[in-house]
>>> print(open('upload.txt').read())   # compact mmCIF, C-alpha atoms and all ligand atoms
# COMPACT_ATOMS: atom_id res chain seq x y z
CA PRO Q 1 121.94 97.87 148.73
CA ALA Q 2 119.95 95.12 146.99
CA LEU Q 3 119.50 95.55 143.27
CA THR Q 4 115.92 96.04 142.23
CA ARG Q 5 116.51 96.25 138.48
CA PHE Q 6 118.99 93.97 136.80
CA ALA Q 7 119.55 91.64 133.88
CA LEU Q 8 120.96 88.17 134.52
CA ARG Q 9 122.85 86.47 131.69
CA GLY Q 10 123.15 82.70 131.44
CA ASP Q 11 121.74 79.49 129.98
CA LEU Q 12 118.04 79.86 130.78
CA LEU Q 13 116.01 76.68 131.10
CA ASP Q 14 112.35 76.34 132.05
CA PHE Q 15 109.05 74.97 130.74
CA GLY Q 16 106.22 76.48 128.75
CA ALA Q 17 104.04 73.39 129.16
CA ALA Q 18 104.10 69.97 130.80
CA PRO Q 19 106.49 67.49 129.16
CA ARG Q 20 105.02 64.15 128.16
CA TRP Q 21 106.10 61.01 129.98
CA GLY Q 22 109.15 59.44 128.34
CA GLU Q 23 109.60 62.20 125.76
CA VAL Q 24 113.26 63.18 125.49
CA ASP Q 25 112.77 65.69 122.67
CA SER Q 26 110.04 67.69 124.32
CA PRO Q 27 108.43 70.82 122.89
CA ALA Q 28 107.55 71.79 126.47
CA VAL Q 29 111.20 72.65 127.20
CA ARG Q 30 112.26 76.26 126.84
CA HIS Q 31 116.02 76.28 126.46
CA ARG Q 32 117.40 79.75 125.91
CA PRO Q 33 121.19 79.50 126.06
CA ASP Q 34 123.08 82.73 126.62
CA HIS Q 35 119.97 84.85 127.17
CA TRP Q 36 119.17 87.68 129.54
CA LEU Q 37 116.55 87.44 132.25
CA LEU Q 38 115.23 90.89 133.06
CA VAL Q 39 114.21 91.55 136.67
CA ASP Q 40 112.56 94.67 138.00
CA GLY Q 41 111.01 95.30 141.39
CA GLY Q 42 111.34 91.66 142.41
CA ARG Q 43 109.57 90.37 139.31
CA ILE Q 44 110.57 88.88 136.00
CA VAL Q 45 109.80 91.37 133.27
CA GLY Q 46 111.25 89.64 130.23
CA VAL Q 47 113.73 87.32 128.55
CA GLN Q 48 115.80 88.32 125.56
CA ALA Q 49 118.82 87.27 123.54
CA ALA Q 50 120.14 90.78 123.03
CA ASP Q 51 122.26 92.62 125.57
CA PRO Q 52 119.79 94.95 127.31
CA GLY Q 53 122.32 97.78 127.38
CA ALA Q 54 123.66 100.09 130.01
CA ASP Q 55 120.21 101.01 131.34
CA TRP Q 56 120.34 97.71 133.19
CA THR Q 57 122.75 96.49 135.80
CA ARG Q 58 124.14 93.49 133.97
CA VAL Q 59 124.92 90.41 136.03
CA ASP Q 60 126.92 88.19 133.70
CA ARG Q 61 126.67 84.51 134.56
CA SER Q 62 127.33 83.24 131.06
CA GLY Q 63 128.17 79.58 130.79
CA ARG Q 64 126.05 78.81 133.83
CA LEU Q 65 122.64 77.22 134.10
CA VAL Q 66 119.82 79.50 135.21
CA LEU Q 67 116.64 77.84 136.49
CA PRO Q 68 113.53 78.89 138.33
CA GLY Q 69 114.03 78.24 142.04
CA PHE Q 70 113.03 74.74 143.07
CA ILE Q 71 109.79 74.07 144.92
CA ASP Q 72 110.01 71.42 147.64
CA THR Q 73 106.41 70.30 148.07
CA HIS Q 74 106.88 68.29 151.25
CA VAL Q 75 109.51 68.82 153.92
CA HIS Q 76 109.65 68.97 157.74
CA SER Q 77 111.40 71.98 159.27
CA PRO Q 78 112.14 70.34 162.67
CA GLN Q 79 113.66 67.24 161.13
CA ILE Q 80 117.12 68.49 160.17
CA ASP Q 81 118.02 67.09 163.58
CA VAL Q 82 117.00 63.55 162.57
CA ILE Q 83 118.20 63.44 158.97
CA ALA Q 84 120.25 60.30 158.37
CA SER Q 85 119.03 58.39 161.44
CA TYR Q 86 119.95 54.73 161.33
CA GLY Q 87 117.93 51.61 161.46
CA THR Q 88 114.15 52.04 161.30
CA GLU Q 89 111.08 52.03 159.10
CA LEU Q 90 108.44 54.74 159.31
CA LEU Q 91 106.54 53.97 162.53
CA ASP Q 92 109.62 53.15 164.62
CA TRP Q 93 111.48 56.04 163.02
CA LEU Q 94 108.75 58.42 164.22
CA ASP Q 95 108.86 57.03 167.76
CA GLN Q 96 112.61 56.72 168.14
CA HIS Q 97 113.93 59.74 166.28
CA THR Q 98 111.32 62.18 165.04
CA PHE Q 99 108.86 62.70 167.87
CA PRO Q 100 111.62 63.42 170.42
CA ALA Q 101 113.17 66.00 168.06
CA GLU Q 102 109.82 67.67 167.45
CA ALA Q 103 109.06 67.78 171.17
CA ARG Q 104 112.06 70.06 171.66
CA HIS Q 105 110.18 72.72 169.66
CA ALA Q 106 107.93 73.33 172.66
CA ASP Q 107 110.76 75.73 173.52
CA ALA Q 108 110.04 78.82 171.40
CA ALA Q 109 113.69 79.90 171.42
CA HIS Q 110 114.74 76.54 170.02
CA ALA Q 111 111.97 76.70 167.41
CA GLY Q 112 113.09 80.18 166.38
CA ILE Q 113 116.70 79.22 165.80
CA ALA Q 114 115.71 76.00 164.02
CA ALA Q 115 113.36 77.86 161.66
CA GLY Q 116 116.11 80.23 160.54
CA THR Q 117 118.56 77.40 160.00
CA PHE Q 118 115.99 75.44 158.04
CA VAL Q 119 114.92 78.24 155.71
CA ASP Q 120 118.52 79.23 155.00
CA ALA Q 121 119.30 75.59 154.26
CA LEU Q 122 116.45 75.41 151.75
CA ILE Q 123 117.75 78.47 149.91
CA ALA Q 124 121.31 77.14 150.01
CA HIS Q 125 120.00 74.09 148.11
CA GLY Q 126 118.29 76.21 145.45
CA THR Q 127 114.83 75.74 146.92
CA THR Q 128 113.04 79.08 146.98
CA ALA Q 129 109.51 77.88 147.79
CA ALA Q 130 108.28 75.05 149.96
CA VAL Q 131 105.33 73.28 151.54
CA VAL Q 132 106.41 72.61 155.09
CA PHE Q 133 105.44 70.75 158.25
CA PRO Q 134 106.65 72.52 161.39
CA THR Q 135 105.42 70.96 164.68
CA VAL Q 136 102.23 70.98 166.77
CA HIS Q 137 103.47 74.04 168.63
CA ALA Q 138 101.99 77.34 167.46
CA ALA Q 139 105.32 79.04 168.18
CA SER Q 140 107.03 76.79 165.63
CA VAL Q 141 104.54 77.95 163.00
CA ASP Q 142 105.13 81.61 163.86
CA ALA Q 143 108.89 81.05 163.73
CA LEU Q 144 108.75 79.31 160.36
CA PHE Q 145 106.47 81.85 158.69
CA GLY Q 146 108.52 84.66 160.20
CA ALA Q 147 111.77 83.21 158.84
CA ALA Q 148 110.27 82.82 155.35
CA GLU Q 149 108.78 86.30 155.41
CA SER Q 150 112.06 87.95 156.33
CA ARG Q 151 113.67 86.28 153.29
CA GLY Q 152 110.75 87.07 150.97
CA MET Q 153 110.00 83.42 150.34
CA ARG Q 154 106.83 81.72 149.13
CA LEU Q 155 105.93 79.27 151.85
CA VAL Q 156 102.93 77.09 152.61
CA ALA Q 157 102.74 75.67 156.14
CA GLY Q 158 100.50 75.13 159.13
CA LYS Q 159 100.30 73.85 162.67
CA VAL Q 160 100.59 70.08 162.83
CA LEU Q 161 97.43 68.45 164.18
CA MET Q 162 97.88 65.39 166.41
CA ASP Q 163 95.70 64.23 169.26
CA ARG Q 164 96.52 60.55 169.68
CA HIS Q 165 99.20 57.89 169.16
CA ALA Q 166 102.12 60.18 169.84
CA PRO Q 167 103.97 61.21 173.03
CA ALA Q 168 101.81 63.32 175.36
CA ASN Q 169 104.06 66.35 174.94
CA LEU Q 170 103.20 66.43 171.22
CA LEU Q 171 99.44 66.09 171.47
CA ASP Q 172 96.82 68.81 171.11
CA ALA Q 173 95.05 69.37 174.42
CA SER Q 174 91.64 69.02 172.78
CA VAL Q 175 89.94 69.32 169.43
CA ALA Q 176 88.64 72.74 170.43
CA ALA Q 177 92.08 73.97 171.49
CA ALA Q 178 93.65 72.81 168.22
CA GLU Q 179 90.86 74.46 166.28
CA ARG Q 180 91.31 77.75 168.13
CA GLU Q 181 95.07 77.72 167.58
CA SER Q 182 94.61 76.94 163.90
CA ILE Q 183 92.06 79.70 163.39
CA ASP Q 184 94.34 82.12 165.17
CA LEU Q 185 97.33 81.17 163.00
CA ILE Q 186 95.23 81.34 159.83
CA ALA Q 187 94.19 84.87 160.74
CA ARG Q 188 97.80 85.82 161.39
CA TRP Q 189 99.50 84.26 158.36
CA HIS Q 190 97.22 83.10 155.56
CA GLY Q 191 97.58 85.41 152.57
CA ARG Q 192 100.12 87.65 154.29
CA GLY Q 193 102.71 88.49 151.63
CA ARG Q 194 103.87 85.25 150.05
CA LEU Q 195 102.65 83.01 152.86
CA ALA Q 196 99.72 80.63 152.85
CA TYR Q 197 98.28 78.38 155.50
CA ALA Q 198 97.86 74.64 155.15
CA VAL Q 199 95.58 72.66 157.43
CA THR Q 200 98.18 70.11 158.50
CA VAL Q 201 96.96 66.73 159.65
CA ARG Q 202 100.13 64.77 160.40
CA PHE Q 203 98.55 61.51 159.17
CA ALA Q 204 95.35 59.64 159.88
CA PRO Q 205 96.69 57.52 162.79
CA THR Q 206 97.63 60.52 164.94
CA SER Q 207 94.25 62.25 164.74
CA THR Q 208 90.99 61.18 166.34
CA PRO Q 209 87.95 61.11 164.06
CA ALA Q 210 86.76 64.27 165.82
CA GLN Q 211 90.00 66.08 165.02
CA LEU Q 212 89.82 64.97 161.38
CA GLU Q 213 86.27 66.34 161.21
CA MET Q 214 87.49 69.65 162.62
CA ALA Q 215 90.29 69.83 160.02
CA GLY Q 216 87.77 69.19 157.27
CA ARG Q 217 85.59 71.99 158.65
CA LEU Q 218 88.49 74.43 158.47
CA CYS Q 219 88.98 73.55 154.80
CA ARG Q 220 85.28 73.85 154.02
CA ASP Q 221 85.08 77.26 155.70
CA ASP Q 222 87.87 78.67 153.53
CA ALA Q 223 88.54 77.08 150.15
CA THR Q 224 91.74 79.10 149.73
CA LEU Q 225 93.45 77.11 152.50
CA TYR Q 226 95.84 74.33 151.56
CA MET Q 227 95.77 70.92 153.20
CA GLN Q 228 98.83 68.75 153.69
CA THR Q 229 99.21 65.29 155.13
CA HIS Q 230 100.84 61.89 154.59
CA LEU Q 231 99.14 59.14 152.61
CA ALA Q 232 99.85 55.44 152.12
CA GLU Q 233 103.60 55.61 152.66
CA ASN Q 234 104.42 52.34 154.39
CA ARG Q 235 102.70 48.97 154.48
CA ALA Q 236 102.48 48.69 158.28
CA GLU Q 237 101.05 52.21 158.36
CA VAL Q 238 98.40 51.32 155.75
CA ARG Q 239 97.43 48.21 157.75
CA TRP Q 240 97.14 50.29 160.92
CA VAL Q 241 94.91 52.86 159.22
CA GLY Q 242 92.69 50.00 158.07
CA GLU Q 243 92.33 48.87 161.69
CA LEU Q 244 91.70 52.38 163.03
CA PHE Q 245 89.16 53.32 160.36
CA PRO Q 246 87.36 50.11 159.37
CA GLU Q 247 84.49 52.09 157.86
CA ALA Q 248 86.73 53.76 155.25
CA ARG Q 249 87.15 52.15 151.83
CA SER Q 250 90.84 53.02 151.75
CA TYR Q 251 93.46 55.19 153.44
CA LEU Q 252 92.63 58.06 151.09
CA ASP Q 253 88.95 57.62 151.90
CA VAL Q 254 89.65 58.45 155.57
CA TYR Q 255 90.61 61.92 154.40
CA ALA Q 256 88.00 62.18 151.64
CA ARG Q 257 85.09 61.43 153.98
CA VAL Q 258 85.85 64.43 156.17
CA GLY Q 259 86.52 66.93 153.40
CA LEU Q 260 90.33 66.82 153.32
CA LEU Q 261 90.54 65.78 149.68
CA HIS Q 262 90.36 68.87 147.48
CA ARG Q 263 92.21 70.85 144.86
CA ARG Q 264 94.56 72.38 147.41
CA SER Q 265 95.43 69.08 149.07
CA VAL Q 266 99.05 67.95 149.03
CA PHE Q 267 99.48 64.26 149.87
CA ALA Q 268 103.00 63.09 150.61
CA HIS Q 269 103.97 59.68 149.22
CA GLY Q 270 100.82 57.92 147.95
CA ILE Q 271 102.74 54.72 147.29
CA TRP Q 272 100.11 52.15 148.23
CA LEU Q 273 97.07 53.29 146.26
CA ASP Q 274 94.58 51.54 144.02
CA ASP Q 275 92.83 52.72 140.86
CA ALA Q 276 89.83 54.08 142.78
CA ASP Q 277 92.17 56.19 144.95
CA ARG Q 278 93.94 57.50 141.89
CA ALA Q 279 90.64 58.41 140.23
CA ALA Q 280 89.52 60.21 143.40
CA LEU Q 281 92.78 62.17 143.58
CA ARG Q 282 92.45 63.18 139.95
CA ASP Q 283 88.80 64.15 140.24
CA ALA Q 284 89.58 66.32 143.27
CA GLY Q 285 92.52 68.00 141.52
CA ALA Q 286 94.75 67.02 144.44
CA GLN Q 287 98.49 66.57 144.29
CA ILE Q 288 100.96 63.87 145.26
CA ALA Q 289 104.30 65.04 146.65
CA HIS Q 290 106.63 62.23 145.63
CA SER Q 291 109.55 61.85 148.03
CA PRO Q 292 111.91 59.28 146.53
CA SER Q 293 114.86 59.79 148.86
CA SER Q 294 112.63 59.23 151.87
CA ASN Q 295 110.87 56.27 150.26
CA LEU Q 296 114.22 54.56 149.67
CA PHE Q 297 115.79 55.50 152.99
CA LEU Q 298 112.83 54.36 155.10
CA GLY Q 299 112.24 51.33 152.87
CA SER Q 300 108.68 52.50 152.24
CA GLY Q 301 108.20 51.37 148.67
CA LEU Q 302 108.40 52.36 145.02
CA PHE Q 303 106.02 55.11 143.94
CA GLY Q 304 104.04 54.40 140.78
CA TRP Q 305 104.64 57.68 139.01
CA ARG Q 306 103.60 56.33 135.62
CA ALA Q 307 100.25 55.11 136.98
CA ALA Q 308 99.65 58.47 138.68
CA GLU Q 309 100.54 60.29 135.49
CA ALA Q 310 98.28 58.03 133.44
CA ALA Q 311 95.45 58.69 135.88
CA GLY Q 312 95.92 62.43 135.41
CA ILE Q 313 97.18 63.21 138.93
CA ALA Q 314 99.59 66.10 139.44
CA VAL Q 315 102.86 64.75 140.82
CA SER Q 316 105.41 67.11 142.33
CA LEU Q 317 108.80 66.34 143.81
CA ALA Q 318 109.73 66.64 147.47
CA SER Q 319 112.64 65.96 149.80
CA ASP Q 320 110.66 64.85 152.87
CA VAL Q 321 113.66 65.65 155.03
CA GLY Q 322 114.27 64.11 157.61
CA GLY Q 323 112.83 60.87 156.12
CA GLY Q 324 114.66 61.98 152.99
CA THR Q 325 118.41 62.33 153.28
CA SER Q 326 118.94 65.49 151.26
CA LEU Q 327 117.28 68.87 150.77
CA SER Q 328 118.82 68.86 147.30
CA LEU Q 329 116.08 68.43 144.74
CA GLN Q 330 118.68 67.20 142.25
CA ARG Q 331 119.46 64.36 144.64
CA ASN Q 332 115.75 63.66 144.82
CA MET Q 333 115.42 63.77 141.03
CA ALA Q 334 118.27 61.30 140.75
CA ASP Q 335 116.58 59.04 143.31
CA ALA Q 336 113.28 59.39 141.46
CA TYR Q 337 114.95 58.19 138.29
CA LYS Q 338 116.31 55.14 140.12
CA VAL Q 339 112.94 54.34 141.70
CA GLN Q 340 111.35 54.38 138.25
CA ALA Q 341 114.22 52.30 136.84
CA LEU Q 342 113.41 49.59 139.40
CA ALA Q 343 109.85 49.59 138.07
CA GLY Q 344 111.07 49.30 134.49
CA GLU Q 345 110.13 52.91 133.73
CA ARG Q 346 112.24 55.79 132.45
CA LEU Q 347 111.87 59.18 134.08
CA THR Q 348 113.12 61.90 131.74
CA ALA Q 349 115.10 64.86 132.99
CA TRP Q 350 112.17 66.96 131.80
CA SER Q 351 109.54 65.20 133.90
CA ALA Q 352 111.83 65.37 136.94
CA LEU Q 353 112.68 69.05 136.50
CA HIS Q 354 109.12 70.02 135.69
CA ALA Q 355 107.88 68.29 138.85
CA SER Q 356 110.37 70.42 140.81
CA THR Q 357 109.41 73.74 139.21
CA ARG Q 358 106.47 74.59 136.95
CA GLY Q 359 104.55 71.38 137.63
CA ALA Q 360 104.72 71.86 141.39
CA ALA Q 361 103.72 75.52 141.01
CA GLN Q 362 100.70 74.71 138.89
CA ALA Q 363 99.55 71.95 141.20
CA LEU Q 364 99.68 74.48 144.04
CA GLU Q 365 97.72 76.98 141.90
CA LEU Q 366 100.77 79.26 142.02
CA GLY Q 367 101.75 79.01 138.36
CA HIS Q 368 101.41 82.76 137.92
CA GLU Q 369 103.96 83.40 140.67
CA ILE Q 370 106.62 80.68 140.71
CA GLY Q 371 108.09 77.83 138.68
CA ALA Q 372 108.80 79.48 135.31
CA PHE Q 373 110.35 82.56 133.71
CA GLU Q 374 107.05 84.21 132.90
CA PRO Q 375 106.70 87.98 132.87
CA GLY Q 376 105.01 89.03 136.10
CA ALA Q 377 106.28 86.04 138.08
CA SER Q 378 108.40 86.52 141.16
CA ALA Q 379 112.12 86.57 140.39
CA ASP Q 380 112.91 83.37 142.28
CA VAL Q 381 115.94 82.31 140.29
CA CYS Q 382 118.96 80.08 140.82
CA VAL Q 383 122.29 80.10 139.04
CA TRP Q 384 123.97 76.71 138.88
CA ASP Q 385 127.32 75.38 137.76
CA TRP Q 386 126.81 72.88 134.98
CA ALA Q 387 129.48 70.72 136.57
CA VAL Q 388 131.50 70.57 139.76
CA GLY Q 389 134.46 68.20 139.99
CA ALA Q 390 136.46 66.32 137.40
CA VAL Q 391 133.93 63.56 136.75
CA ALA Q 392 130.95 65.83 136.22
CA MET Q 393 133.04 68.19 134.11
CA GLN Q 394 134.18 65.42 131.81
CA ARG Q 395 130.64 64.05 131.56
CA ASP Q 396 129.31 67.50 130.74
CA ARG Q 397 131.95 68.05 128.06
CA VAL Q 398 130.96 64.97 126.06
CA ALA Q 399 127.16 65.31 126.27
CA ARG Q 400 125.70 65.31 122.76
CA SER Q 401 122.17 66.55 123.36
CA LEU Q 402 120.41 68.91 125.71
CA HIS Q 403 118.57 66.08 127.43
CA GLU Q 404 121.79 64.14 127.88
CA ARG Q 405 123.44 67.17 129.39
CA VAL Q 406 120.60 68.08 131.73
CA PHE Q 407 120.06 64.48 132.78
CA ALA Q 408 123.75 64.10 133.68
CA TRP Q 409 123.52 67.42 135.51
CA LEU Q 410 120.59 66.48 137.69
CA THR Q 411 122.08 63.06 138.36
CA LEU Q 412 125.46 64.41 139.43
CA ALA Q 413 124.66 67.85 140.85
CA ASP Q 414 123.69 68.93 144.34
CA ASP Q 415 123.96 72.04 146.49
CA ARG Q 416 127.66 72.36 145.69
CA ASN Q 417 126.62 73.40 142.19
CA LEU Q 418 124.61 76.36 143.44
CA VAL Q 419 126.26 79.67 142.64
CA GLU Q 420 123.51 82.10 143.61
CA ALA Q 421 119.89 82.08 144.68
CA TYR Q 422 117.58 85.06 144.21
CA VAL Q 423 114.28 85.29 146.02
CA ALA Q 424 111.86 87.93 144.75
CA GLY Q 425 114.79 89.53 142.96
CA VAL Q 426 117.02 89.74 146.04
CA ARG Q 427 120.12 87.62 146.26
CA GLN Q 428 119.67 85.50 149.38
CA TYR Q 429 122.55 83.11 148.78
CA ALA Q 430 125.94 83.44 147.16
CA ARG Q 431 128.39 80.56 147.22
CA GLY Q 432 131.22 81.21 149.59
CA ARG Q 433 129.29 83.81 151.51
CA GLY Q 434 126.82 81.45 153.15
CA ALA Q 435 123.29 82.36 154.03
CA GLY Q 436 122.00 85.82 153.25
CA GLY Q 437 124.64 86.40 150.55
CA ALA Q 438 125.23 90.12 150.36
CA ALA Q 439 123.67 92.06 147.52
CA VAL Q 440 125.34 91.85 144.11
N1 LIG Q 501 104.08 60.04 158.49
C1 LIG Q 501 103.69 60.70 159.60
N2 LIG Q 501 104.61 61.58 160.01
C2 LIG Q 501 105.63 61.49 159.14
C3 LIG Q 501 106.89 62.15 159.03
O1 LIG Q 501 107.26 63.01 159.83
N3 LIG Q 501 107.67 61.78 157.99
C4 LIG Q 501 107.28 60.85 157.09
N4 LIG Q 501 108.11 60.54 156.08
N5 LIG Q 501 106.12 60.20 157.18
C5 LIG Q 501 105.30 60.52 158.18
ZN ZN Q 502 106.80 63.76 155.56
>>> encode(input="upload.txt", output="structure tokens")
Amino acid sequence: PALTRFALRGDLLDFGAAPRWGEVDSPAVRHRPDHWLLVDGGRIVGVQAADPGADWTRVDRSGRLVLPGFIDTHVHSPQIDVIASYGTELLDWLDQHTFPAEARHADAAHAGIAAGTFVDALIAHGTTAAVVFPTVHAASVDALFGAAESRGMRLVAGKVLMDRHAPANLLDASVAAAERESIDLIARWHGRGRLAYAVTVRFAPTSTPAQLEMAGRLCRDDATLYMQTHLAENRAEVRWVGELFPEARSYLDVYARVGLLHRRSVFAHGIWLDDADRAALRDAGAQIAHSPSSNLFLGSGLFGWRAAEAAGIAVSLASDVGGGTSLSLQRNMADAYKVQALAGERLTAWSALHASTRGAAQALELGHEIGAFEPGASADVCVWDWAVGAVAMQRDRVARSLHERVFAWLTLADDRNLVEAYVAGVRQYARGRGAGGAAV
């Protein structure tokens, strides 16, 4: 049987505030080595240095790193099938690889199996919450939410909206039909357990103005809905949006004009923005899901994290699989560091980790539930090896400061470092046992 009340011992690391850009010695970091995390009824109830005693089932993971589960703020569930596809930039990549894979989700049986595989893969990478694009098919949304629900996961997702510039088998039949399906899915899933619905416009080029208006209406009718889309990822895409929407001031303005720019908006990428866009994003309280692996793999560009930060925009980290080549948020943190290095900037381990945990949670208005070891939060917790393999072990041994150690960890680690993942206090992954790791 799953444990409902236990104490987990290890090197606890999380954040009590947002770290400042470039600050290596950050007061925002809460490092509690060899502490106990107390979990009861699926929630975190405390952290302490002292052994809690025999009243608690003690799970001793001393010498290991214990983090809040990662939050992947932009990822595509049907795109495991196209991860690592050779030879294209965004628009050709969609046509040649991605749209054909998504079309296969018209088959509900296929969508069901794919959803389970995807959600288990997230957890096996230490990602316990995610903001996800399934496909245009309502059955793919049901399958994805169902898979998350059965594992107790926090998930934000919604039916992809597309009614032009994609293969016919991926297009909504009409604006009214897409609206009806969305309303139906919202009624079924939004606010059910740990699930929330996101109005999901794929990106401006694949929606008619009428469909964009409809999506904006859905958001206006219920301010608790999320909105997710892609924004200014690739230069050819930006040029195309300019041609399709000549009346808009910018790519972001296409969304803003119809009511898709708000505090629960999650914009993937946001590479090619200007100061007015950044000010509008900040004023709306919207969020950029930075996807460095994808940006490098598809040759999209180098995200200006420092400029976004300076403008006061919330930036979270994301894998954007299958544009990104790994669900591992450590891999994405390492790529984010390299992207910033190319721009002459230095991304600290703290900014990278915060954007994958507490920062992402707060931007999603879920800071009370996920992202940090706060009493009352869901016990979404991962246990990691500090080092796997001879090189990482040697590097770890000689680290002289906490930042040095954590930076080397996130640069060298990936899913092989994951020992266990708990979701709402239930162990859903244990290394060597695969998905659905049996209870402790
Ligand atoms: N823009 C529109 N659709 C997509 C997608 O599936 N992946 C990425 N990376 N960008 C997009
Ligand atoms: Zn994407």
>>> closest_residue(input="upload.txt", among="Q:Ser328, Q:Ser300, Q:Thr348, Q:Gln362", to="ligand LIG 501 (chain Q)", atoms="only C-alpha atoms and all ligand atoms")
Q:Ser300
>>> atom_distance(input="upload.txt", atom1="atom CA of Q:Leu12", atom2="atom CA of Q:Glu404")
16.4 Å
>>> residues_near_point(input="upload.txt", point="(88.3, 64.5, 145.1)", cutoff="6 Å", atoms="all atoms listed in the file", output="PyMOL selection string")
chain Q and resi 261-262+280-281+283-284
>>> closest_atom_pairs(input="upload.txt", of="chain Q", to="ligand ZN 502 (chain Q)", cutoff="7 Å", atoms="all atoms listed in the file", output="JSON lines")
{"residue": "Q:His74", "atom": "CA", "partner": "Q:ZN502", "partner_atom": "ZN", "distance": 6.3}
{"residue": "Q:Val75", "atom": "CA", "partner": "Q:ZN502", "partner_atom": "ZN", "distance": 6.0}
{"residue": "Q:His76", "atom": "CA", "partner": "Q:ZN502", "partner_atom": "ZN", "distance": 6.3}
{"residue": "Q:His230", "atom": "CA", "partner": "Q:ZN502", "partner_atom": "ZN", "distance": 6.3}
{"residue": "Q:Ala268", "atom": "CA", "partner": "Q:ZN502", "partner_atom": "ZN", "distance": 6.3}
{"residue": "Q:Asp320", "atom": "CA", "partner": "Q:ZN502", "partner_atom": "ZN", "distance": 4.8}
{"residue": "Q:Gly323", "atom": "CA", "partner": "Q:ZN502", "partner_atom": "ZN", "distance": 6.7}
>>> write_last_selection(input="upload.txt", atoms="C-alpha atoms", output="PDB file, keeping the file's coordinate frame")
ATOM      1  CA  HIS Q  74     106.880  68.290 151.250  1.00  0.00           C
ATOM      2  CA  VAL Q  75     109.510  68.820 153.920  1.00  0.00           C
ATOM      3  CA  HIS Q  76     109.650  68.970 157.740  1.00  0.00           C
ATOM      4  CA  HIS Q 230     100.840  61.890 154.590  1.00  0.00           C
ATOM      5  CA  ALA Q 268     103.000  63.090 150.610  1.00  0.00           C
ATOM      6  CA  ASP Q 320     110.660  64.850 152.870  1.00  0.00           C
ATOM      7  CA  GLY Q 323     112.830  60.870 156.120  1.00  0.00           C
TER       8      GLY Q 323
END
>>> closest_residue(input="upload.txt", among="Q:Phe245, Q:Trp272, Q:Trp350, Q:Tyr422", to="Q:Ser378", atoms="all atoms listed in the file")
Q:Tyr422
>>> residues_around(input="upload.txt", residues="Q:Asp385", least_positions_apart="5", cutoff="10 Å", atoms="all atoms listed in the file", output="list of chain:residue names")
Q:Arg61, Q:Gly63, Q:Arg64, Q:Leu65, Q:Val66, Q:Met393, Q:Trp409, Q:Ala413, Q:Asp414, Q:Asp415, Q:Arg416, Q:Asn417, Q:Leu418, Q:Val419, Q:Glu420
>>> atom_distance(input="upload.txt", atom1="atom CA of Q:Leu273", atom2="atom CA of Q:Gly312")
14.2 Å
>>> residues_around(input="upload.txt", residues="Q:Ala236", least_positions_apart="3", cutoff="12 Å", atoms="all atoms listed in the file", output="list in words")
Glu89, Leu90, Leu91, Asp92, Pro205, Ala232, Glu233, Arg239, Trp240, Val241, Gly242, Glu243, Trp272, Gly299, Ser300 and Gly301 of chain Q
>>> closest_residue(input="upload.txt", among="Q:Thr208, Q:Thr224, Q:Ser250, Q:Thr200", to="ligand LIG 501 (chain Q)", atoms="all atoms listed in the file")
Q:Thr200
